[in-house]
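**Student:** For reference, the file target-v2.cif (mmCIF, C-alpha atoms, pLDDT in the B column; chains and numbers go by the auth columns) is included below:
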```cif
data_model
#
loop_
_atom_site.group_PDB
_atom_site.id
_atom_site.type_symbol
_atom_site.label_atom_id
_atom_site.label_comp_id
_atom_site.label_asym_id
_atom_site.label_seq_id
_atom_site.Cartn_x
_atom_site.Cartn_y
_atom_site.Cartn_z
_atom_site.B_iso_or_equiv
_atom_site.auth_seq_id
_atom_site.auth_asym_id
ATOM 1 C CA MET A 1 -6.362 -5.388 58.548 50.00 1 F
ATOM 2 C CA PRO A 2 -9.956 -4.346 57.739 52.00 2 F
ATOM 3 C CA GLN A 3 -12.636 -6.959 58.062 53.00 3 F
ATOM 4 C CA ILE A 4 -14.963 -7.765 55.173 51.00 4 F
ATOM 5 C CA ARG A 5 -18.543 -8.541 56.084 52.00 5 F
ATOM 6 C CA ILE A 6 -20.629 -10.435 53.517 46.00 6 F
ATOM 7 C CA THR A 7 -24.349 -10.317 54.200 50.00 7 F
ATOM 8 C CA THR A 8 -26.277 -11.186 50.998 51.00 8 F
ATOM 9 C CA PRO A 9 -25.975 -13.930 48.320 54.00 9 F
ATOM 10 C CA ALA A 10 -25.236 -11.238 45.709 50.00 10 F
ATOM 11 C CA ALA A 11 -22.402 -9.925 47.868 49.00 11 F
ATOM 12 C CA VAL A 12 -21.010 -13.471 48.160 45.00 12 F
ATOM 13 C CA LEU A 13 -20.991 -13.836 44.365 43.00 13 F
ATOM 14 C CA LEU A 14 -19.402 -10.407 43.950 44.00 14 F
ATOM 15 C CA ALA A 15 -16.683 -11.242 46.460 48.00 15 F
ATOM 16 C CA ALA A 16 -16.014 -14.604 44.769 47.00 16 F
ATOM 17 C CA ALA A 17 -15.734 -12.903 41.376 45.00 17 F
ATOM 18 C CA ALA A 18 -13.347 -10.310 42.776 46.00 18 F
ATOM 19 C CA LEU A 19 -11.151 -13.011 44.319 41.00 19 F
ATOM 20 C CA LEU A 20 -11.201 -15.021 41.068 41.00 20 F
ATOM 21 C CA LEU A 21 -10.146 -11.964 39.055 42.00 21 F
ATOM 22 C CA THR A 22 -7.472 -11.082 41.589 44.00 22 F
ATOM 23 C CA PHE A 23 -5.928 -14.503 42.027 46.00 23 F
ATOM 24 C CA GLY A 24 -6.984 -16.271 38.841 49.00 24 F
ATOM 25 C CA GLY A 25 -8.839 -19.487 38.331 46.00 25 F
ATOM 26 C CA PRO A 26 -7.908 -22.967 37.309 49.00 26 F
ATOM 27 C CA ALA A 27 -5.556 -23.204 34.328 44.00 27 F
ATOM 28 C CA PRO A 28 -7.285 -24.411 31.173 46.00 28 F
ATOM 29 C CA GLN A 29 -6.264 -27.787 29.837 49.00 29 F
ATOM 30 C CA VAL A 30 -5.037 -26.696 26.375 45.00 30 F
ATOM 31 C CA PRO A 31 -2.282 -28.660 24.648 53.00 31 F
ATOM 32 C CA LEU A 32 0.832 -26.675 23.722 49.00 32 F
ATOM 33 C CA ASP A 33 1.123 -26.046 19.966 55.00 33 F
ATOM 34 C CA THR A 34 4.826 -26.690 19.379 51.00 34 F
ATOM 35 C CA ARG A 35 4.550 -25.450 15.778 58.00 35 F
ATOM 36 C CA ALA A 36 3.616 -21.964 17.014 56.00 36 F
ATOM 37 C CA VAL A 37 6.493 -21.984 19.509 52.00 37 F
ATOM 38 C CA THR A 38 8.937 -23.134 16.805 54.00 38 F
ATOM 39 C CA ALA A 39 7.681 -20.503 14.325 57.00 39 F
ATOM 40 C CA THR A 40 8.131 -17.772 16.932 58.00 40 F
ATOM 41 C CA ALA A 41 11.655 -18.983 17.740 55.00 41 F
ATOM 42 C CA ASP A 42 12.557 -19.148 14.033 58.00 42 F
ATOM 43 C CA ARG A 43 11.238 -15.614 13.480 60.00 43 F
ATOM 44 C CA ASP A 44 13.196 -14.311 16.489 60.00 44 F
ATOM 45 C CA GLU A 45 16.368 -16.026 15.227 60.00 45 F
ATOM 46 C CA ALA A 46 15.919 -14.550 11.735 53.00 46 F
ATOM 47 C CA SER A 47 15.481 -11.059 13.203 56.00 47 F
ATOM 48 C CA ALA A 48 18.674 -11.495 15.185 67.00 48 F
ATOM 49 C CA ARG A 49 20.585 -12.462 12.000 79.00 49 F
ATOM 50 C CA GLY A 50 19.780 -9.431 9.883 91.00 50 F
ATOM 51 C CA THR A 51 20.600 -5.762 10.089 94.00 51 F
ATOM 52 C CA ALA A 52 17.998 -2.996 9.978 96.00 52 F
ATOM 53 C CA TYR A 53 17.830 -1.675 6.396 97.00 53 F
ATOM 54 C CA VAL A 54 15.582 0.437 4.224 98.00 54 F
ATOM 55 C CA SER A 55 14.536 -1.016 0.876 98.00 55 F
ATOM 56 C CA THR A 56 13.618 1.818 -1.496 98.00 56 F
ATOM 57 C CA HIS A 57 11.664 1.019 -4.650 98.00 57 F
ATOM 58 C CA LEU A 58 11.583 3.611 -7.426 98.00 58 F
ATOM 59 C CA TYR A 59 9.111 3.378 -10.297 97.00 59 F
ATOM 60 C CA PHE A 60 10.291 4.963 -13.542 97.00 60 F
ATOM 61 C CA GLY A 61 7.856 5.397 -16.410 95.00 61 F
ATOM 62 C CA THR A 62 9.114 5.735 -19.972 96.00 62 F
ATOM 63 C CA GLY A 63 6.100 7.381 -21.635 92.00 63 F
ATOM 64 C CA ARG A 64 6.453 11.055 -22.502 88.00 64 F
ATOM 65 C CA HIS A 65 3.979 13.855 -23.207 79.00 65 F
ATOM 66 C CA ASP A 66 3.370 16.220 -26.100 80.00 66 F
ATOM 67 C CA GLY A 67 4.107 13.664 -28.789 83.00 67 F
ATOM 68 C CA HIS A 68 7.670 12.955 -27.673 91.00 68 F
ATOM 69 C CA PRO A 69 8.801 9.353 -28.203 95.00 69 F
ATOM 70 C CA PRO A 70 9.111 7.076 -25.150 95.00 70 F
ATOM 71 C CA ILE A 71 12.414 6.884 -23.295 97.00 71 F
ATOM 72 C CA THR A 72 14.378 4.056 -24.876 97.00 72 F
ATOM 73 C CA GLU A 73 16.015 1.201 -23.029 97.00 73 F
ATOM 74 C CA GLU A 74 19.428 2.590 -24.021 98.00 74 F
ATOM 75 C CA GLU A 75 18.562 6.041 -22.616 98.00 75 F
ATOM 76 C CA PHE A 76 17.268 4.545 -19.395 98.00 76 F
ATOM 77 C CA MET A 77 20.292 2.261 -18.919 98.00 77 F
ATOM 78 C CA LYS A 78 22.633 5.214 -19.520 98.00 78 F
ATOM 79 C CA PHE A 79 20.744 7.143 -16.824 98.00 79 F
ATOM 80 C CA VAL A 80 21.196 4.199 -14.418 98.00 80 F
ATOM 81 C CA ALA A 81 24.927 3.935 -15.244 98.00 81 F
ATOM 82 C CA ASP A 82 25.623 7.683 -15.055 98.00 82 F
ATOM 83 C CA VAL A 83 23.319 8.784 -12.220 98.00 83 F
ATOM 84 C CA VAL A 84 22.147 5.846 -10.075 98.00 84 F
ATOM 85 C CA THR A 85 25.179 3.545 -9.947 98.00 85 F
ATOM 86 C CA PRO A 86 27.614 6.228 -8.697 98.00 86 F
ATOM 87 C CA ARG A 87 25.237 6.907 -5.777 97.00 87 F
ATOM 88 C CA PHE A 88 24.575 3.216 -5.026 97.00 88 F
ATOM 89 C CA PRO A 89 27.750 1.379 -6.080 97.00 89 F
ATOM 90 C CA SER A 90 27.149 -1.496 -3.626 94.00 90 F
ATOM 91 C CA GLY A 91 24.308 -2.802 -5.730 95.00 91 F
ATOM 92 C CA LEU A 92 20.787 -2.420 -7.009 97.00 92 F
ATOM 93 C CA THR A 93 18.061 -4.483 -8.625 98.00 93 F
ATOM 94 C CA LEU A 94 16.333 -3.422 -11.800 98.00 94 F
ATOM 95 C CA GLN A 95 13.181 -5.029 -13.192 98.00 95 F
ATOM 96 C CA GLU A 96 11.370 -4.178 -16.384 97.00 96 F
ATOM 97 C CA ALA A 97 7.615 -3.914 -15.979 96.00 97 F
ATOM 98 C CA ARG A 98 4.372 -2.714 -17.508 95.00 98 F
ATOM 99 C CA GLY A 99 2.800 0.078 -15.514 93.00 99 F
ATOM 100 C CA GLN A 100 -0.060 2.490 -15.573 92.00 100 F
ATOM 101 C CA TRP A 101 -0.853 5.673 -13.717 86.00 101 F
ATOM 102 C CA ARG A 102 -3.236 8.628 -13.807 89.00 102 F
ATOM 103 C CA ASP A 103 -1.609 11.907 -14.858 83.00 103 F
ATOM 104 C CA LYS A 104 -2.517 15.405 -13.653 84.00 104 F
ATOM 105 C CA GLU A 105 -5.111 15.741 -16.451 87.00 105 F
ATOM 106 C CA GLY A 106 -6.822 12.561 -15.215 90.00 106 F
ATOM 107 C CA ASP A 107 -5.761 10.397 -18.154 88.00 107 F
ATOM 108 C CA ILE A 108 -4.655 6.801 -17.546 90.00 108 F
ATOM 109 C CA ASN A 109 -1.265 6.189 -19.120 87.00 109 F
ATOM 110 C CA LYS A 110 -0.003 2.673 -19.816 92.00 110 F
ATOM 111 C CA GLU A 111 3.695 2.366 -20.450 94.00 111 F
ATOM 112 C CA ARG A 112 6.828 0.280 -20.240 96.00 112 F
ATOM 113 C CA SER A 113 8.402 1.021 -16.889 97.00 113 F
ATOM 114 C CA TYR A 114 11.216 0.005 -14.583 98.00 114 F
ATOM 115 C CA GLU A 115 11.278 -0.806 -10.891 98.00 115 F
ATOM 116 C CA LEU A 116 14.619 -0.014 -9.300 98.00 116 F
ATOM 117 C CA THR A 117 15.351 -1.308 -5.794 98.00 117 F
ATOM 118 C CA VAL A 118 18.206 -0.118 -3.596 98.00 118 F
ATOM 119 C CA MET A 119 18.845 -1.183 0.000 97.00 119 F
ATOM 120 C CA TYR A 120 20.885 0.637 2.623 97.00 120 F
ATOM 121 C CA PRO A 121 21.330 0.555 6.403 97.00 121 F
ATOM 122 C CA VAL A 122 18.781 2.575 8.390 97.00 122 F
ATOM 123 C CA ARG A 123 21.621 4.651 9.820 97.00 123 F
ATOM 124 C CA GLU A 124 22.312 5.942 6.269 97.00 124 F
ATOM 125 C CA ALA A 125 18.684 6.875 5.538 97.00 125 F
ATOM 126 C CA HIS A 126 19.172 10.643 5.801 96.00 126 F
ATOM 127 C CA ALA A 127 22.118 10.748 3.385 95.00 127 F
ATOM 128 C CA ARG A 128 20.516 8.239 1.009 97.00 128 F
ATOM 129 C CA ASN A 129 17.291 10.247 0.948 98.00 129 F
ATOM 130 C CA ALA A 130 19.167 13.150 -0.647 97.00 130 F
ATOM 131 C CA ASP A 131 20.579 10.807 -3.320 98.00 131 F
ATOM 132 C CA ILE A 132 17.183 9.283 -4.053 98.00 132 F
ATOM 133 C CA GLU A 133 15.441 12.625 -4.325 98.00 133 F
ATOM 134 C CA TYR A 134 18.193 13.874 -6.651 98.00 134 F
ATOM 135 C CA ILE A 135 17.669 10.827 -8.907 98.00 135 F
ATOM 136 C CA ARG A 136 13.905 11.387 -8.980 98.00 136 F
ATOM 137 C CA ARG A 137 14.171 15.115 -9.766 98.00 137 F
ATOM 138 C CA LEU A 138 16.807 14.634 -12.460 98.00 138 F
ATOM 139 C CA TYR A 139 14.844 11.879 -14.218 98.00 139 F
ATOM 140 C CA CYS A 140 11.726 14.058 -14.298 96.00 140 F
ATOM 141 C CA SER A 141 13.538 17.183 -15.472 97.00 141 F
ATOM 142 C CA THR A 142 15.587 15.328 -18.110 97.00 142 F
ATOM 143 C CA TRP A 143 12.477 13.955 -19.843 95.00 143 F
ATOM 144 C CA GLN A 144 9.819 16.460 -18.670 93.00 144 F
ATOM 145 C CA LEU A 145 7.915 13.873 -16.631 93.00 145 F
ATOM 146 C CA GLU A 146 5.546 14.461 -13.713 91.00 146 F
ATOM 147 C CA SER A 147 6.964 12.012 -11.200 93.00 147 F
ATOM 148 C CA VAL A 148 8.954 8.948 -10.250 97.00 148 F
ATOM 149 C CA GLY A 149 7.104 6.787 -7.724 96.00 149 F
ATOM 150 C CA ARG A 150 8.827 5.903 -4.463 98.00 150 F
ATOM 151 C CA ALA A 151 8.102 3.310 -1.773 98.00 151 F
ATOM 152 C CA ASP A 152 10.300 2.776 1.308 98.00 152 F
ATOM 153 C CA VAL A 153 10.101 -0.428 3.343 97.00 153 F
ATOM 154 C CA ARG A 154 11.999 -1.299 6.521 96.00 154 F
ATOM 155 C CA ALA A 155 13.582 -4.735 6.403 94.00 155 F
ATOM 156 C CA GLN A 156 15.961 -7.046 8.249 94.00 156 F
ATOM 157 C CA VAL A 157 18.680 -7.816 5.703 93.00 157 F
ATOM 158 C CA ASP A 158 21.479 -10.361 5.729 92.00 158 F
ATOM 159 C CA PHE A 159 23.959 -10.829 2.875 89.00 159 F
#
```
Would you mind writing the structure in this file as structure tokens?

**Tutor:**
Amino acid sequence: MPQIRITTPAAVLLAAAALLLTFGGPAPQVPLDTRAVTATADRDEASARGTAYVSTHLYFGTGRHDGHPPITEEEFMKFVADVVTPRFPSGLTLQEARGQWRDKEGDINKERSYELTVMYPVREAHARNADIEYIRRLYCSTWQLESVGRADVRAQVDF
């Protein structure tokens, strides 16, 4: 084993610091916060309960361009029944809202809108993506709209 020779006070301090970093120092006297430990355990338990899902939120506007009247509630609900429900028969959530967005001309449009939420297992994401994109394209082409907003969020879900 090589020998270490310490000759100056600075070298002594440097050696002490190196030993302290290598082997650690005295443990601080900090009380254990049991609330933090419990919160972590609860979060871990909740994660273990659920299954990995994707929650997709679609934002449908009802305002139309070129003087056409807005999409009615009856028209929208028929679209949901005929197009969305067959692709997501296990369930969906629909909320009426007031939205606004900037169109391609830069105008701010305020309109009645709908937020549609569907959830599906992560393992089905590829197949469900095709369904969702079909819904978005058909809605836009049916009423000559620019877009349907989409937001995907990963979630742990338990029913």

**Student:** Could you pull out every residue with an atom within 12 Å of (12.0, -6.2, -13.4), file coordinates, counting all atoms listed in the file, and send them as a PyMOL selection string?

**Tutor:** chain F and resi 57-60+92-99+112-117

**Student:** Could you check how far CA of Thr56 in chain F sits from CA of Glu146 in chain F, in Å to one decimal?

**Tutor:**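 CA of Glu146 in chain F lies at a distance of 19.3 Å from CA of Thr56 in chain F.
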
**Student:** Given the file shown, determine the residues that the PyMOL selection byres ((chain F and resi 103) around 12) selects; report them as a PyMOL selection string.

**Tutor:** chain F and resi 61+63-65+100-102+104-110+145-148

**Student:** Suppose you want the space between CA of Thr72 in chain F and CA of Gln144 in chain F; what is it in Å?

**Tutor:**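 Atom-to-atom, CA of Thr72 in chain F and CA of Gln144 in chain F are spaced 14.6 Å apart.
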
**Student:** Using only C-alpha atoms, which residues sit within 12 Å of Glu75 in chain F once same-chain residues fewer than 5 positions away are excluded, as a list in words?

**Tutor:** Thr62, Pro69, Pro70, Val80, Ala81, Asp82, Val83, Tyr139, Thr142 and Trp143 of chain F

**Student:** Using only C-alpha atoms for the distances, tell me which of F:Arg123, F:Gly91, F:Gly67, F:Phe79 is nearest to Arg154 in chain F.

**Tutor:**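 Closest to Arg154 in chain F, using only C-alpha atoms: F:Arg123.
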
**Student:** Given only C-alpha atoms as the basis, pick out the residue of F:Val153, F:Val118, F:Met77, F:Val84 nearest to Tyr134 in chain F.

**Tutor:**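 Of F:Val153, F:Val118, F:Met77, F:Val84, the one nearest Tyr134 in chain F, counting only C-alpha atoms, is F:Val84.
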
**Student:** What separation in Å, quoted to one decimal, exists between CA of Arg136 in chain F and CA of Thr51 in chain F?

**Tutor:** 26.5 Å

**Student:** Give the answer as one residue: which of F:Pro86, F:His68, F:Asn129, F:Pro121 has the shortest atom-to-atom distance to Gly50 in chain F, using all atoms listed in the file?

**Tutor:**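 Looking at the shortest contact to Gly50 in chain F, the residue is F:Pro121.
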
**Student:** Can you list, as a PDB file with C-alpha atoms, in the coordinates of the input, the residues that the PyMOL selection byres ((chain F and resi 156-158) around 7) selects here?

**Tutor:**
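Contents of the output file out-v5.pdb:
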```pdb
ATOM      1  CA  SER F  47      15.481 -11.059  13.203  1.00 56.00           C
ATOM      2  CA  ARG F  49      20.585 -12.462  12.000  1.00 79.00           C
ATOM      3  CA  GLY F  50      19.780  -9.431   9.883  1.00 91.00           C
ATOM      4  CA  THR F  51      20.600  -5.762  10.089  1.00 94.00           C
ATOM      5  CA  ALA F  52      17.998  -2.996   9.978  1.00 96.00           C
ATOM      6  CA  TYR F  53      17.830  -1.675   6.396  1.00 97.00           C
ATOM      7  CA  ALA F 155      13.582  -4.735   6.403  1.00 94.00           C
ATOM      8  CA  PHE F 159      23.959 -10.829   2.875  1.00 89.00           C
TER       9      PHE F 159
END
```

**Student:** Taking every listed atom of range 112-118 of chain F and adding 3 Å to each side, what centre and edge lengths in Å (one decimal) does the axis-aligned box have, as AutoDock Vina command-line options?

**Tutor:**
```
--center_x 12.5 --center_y -0.1 --center_z -11.9 --size_x 17.4 --size_y 8.3 --size_z 22.6
```

**Student:** Given all atoms listed in the file as the basis, pick out the residue of F:Arg128, F:Val122, F:Ile135, F:Ser141 nearest to Val54 in chain F.

**Tutor:** F:Val122
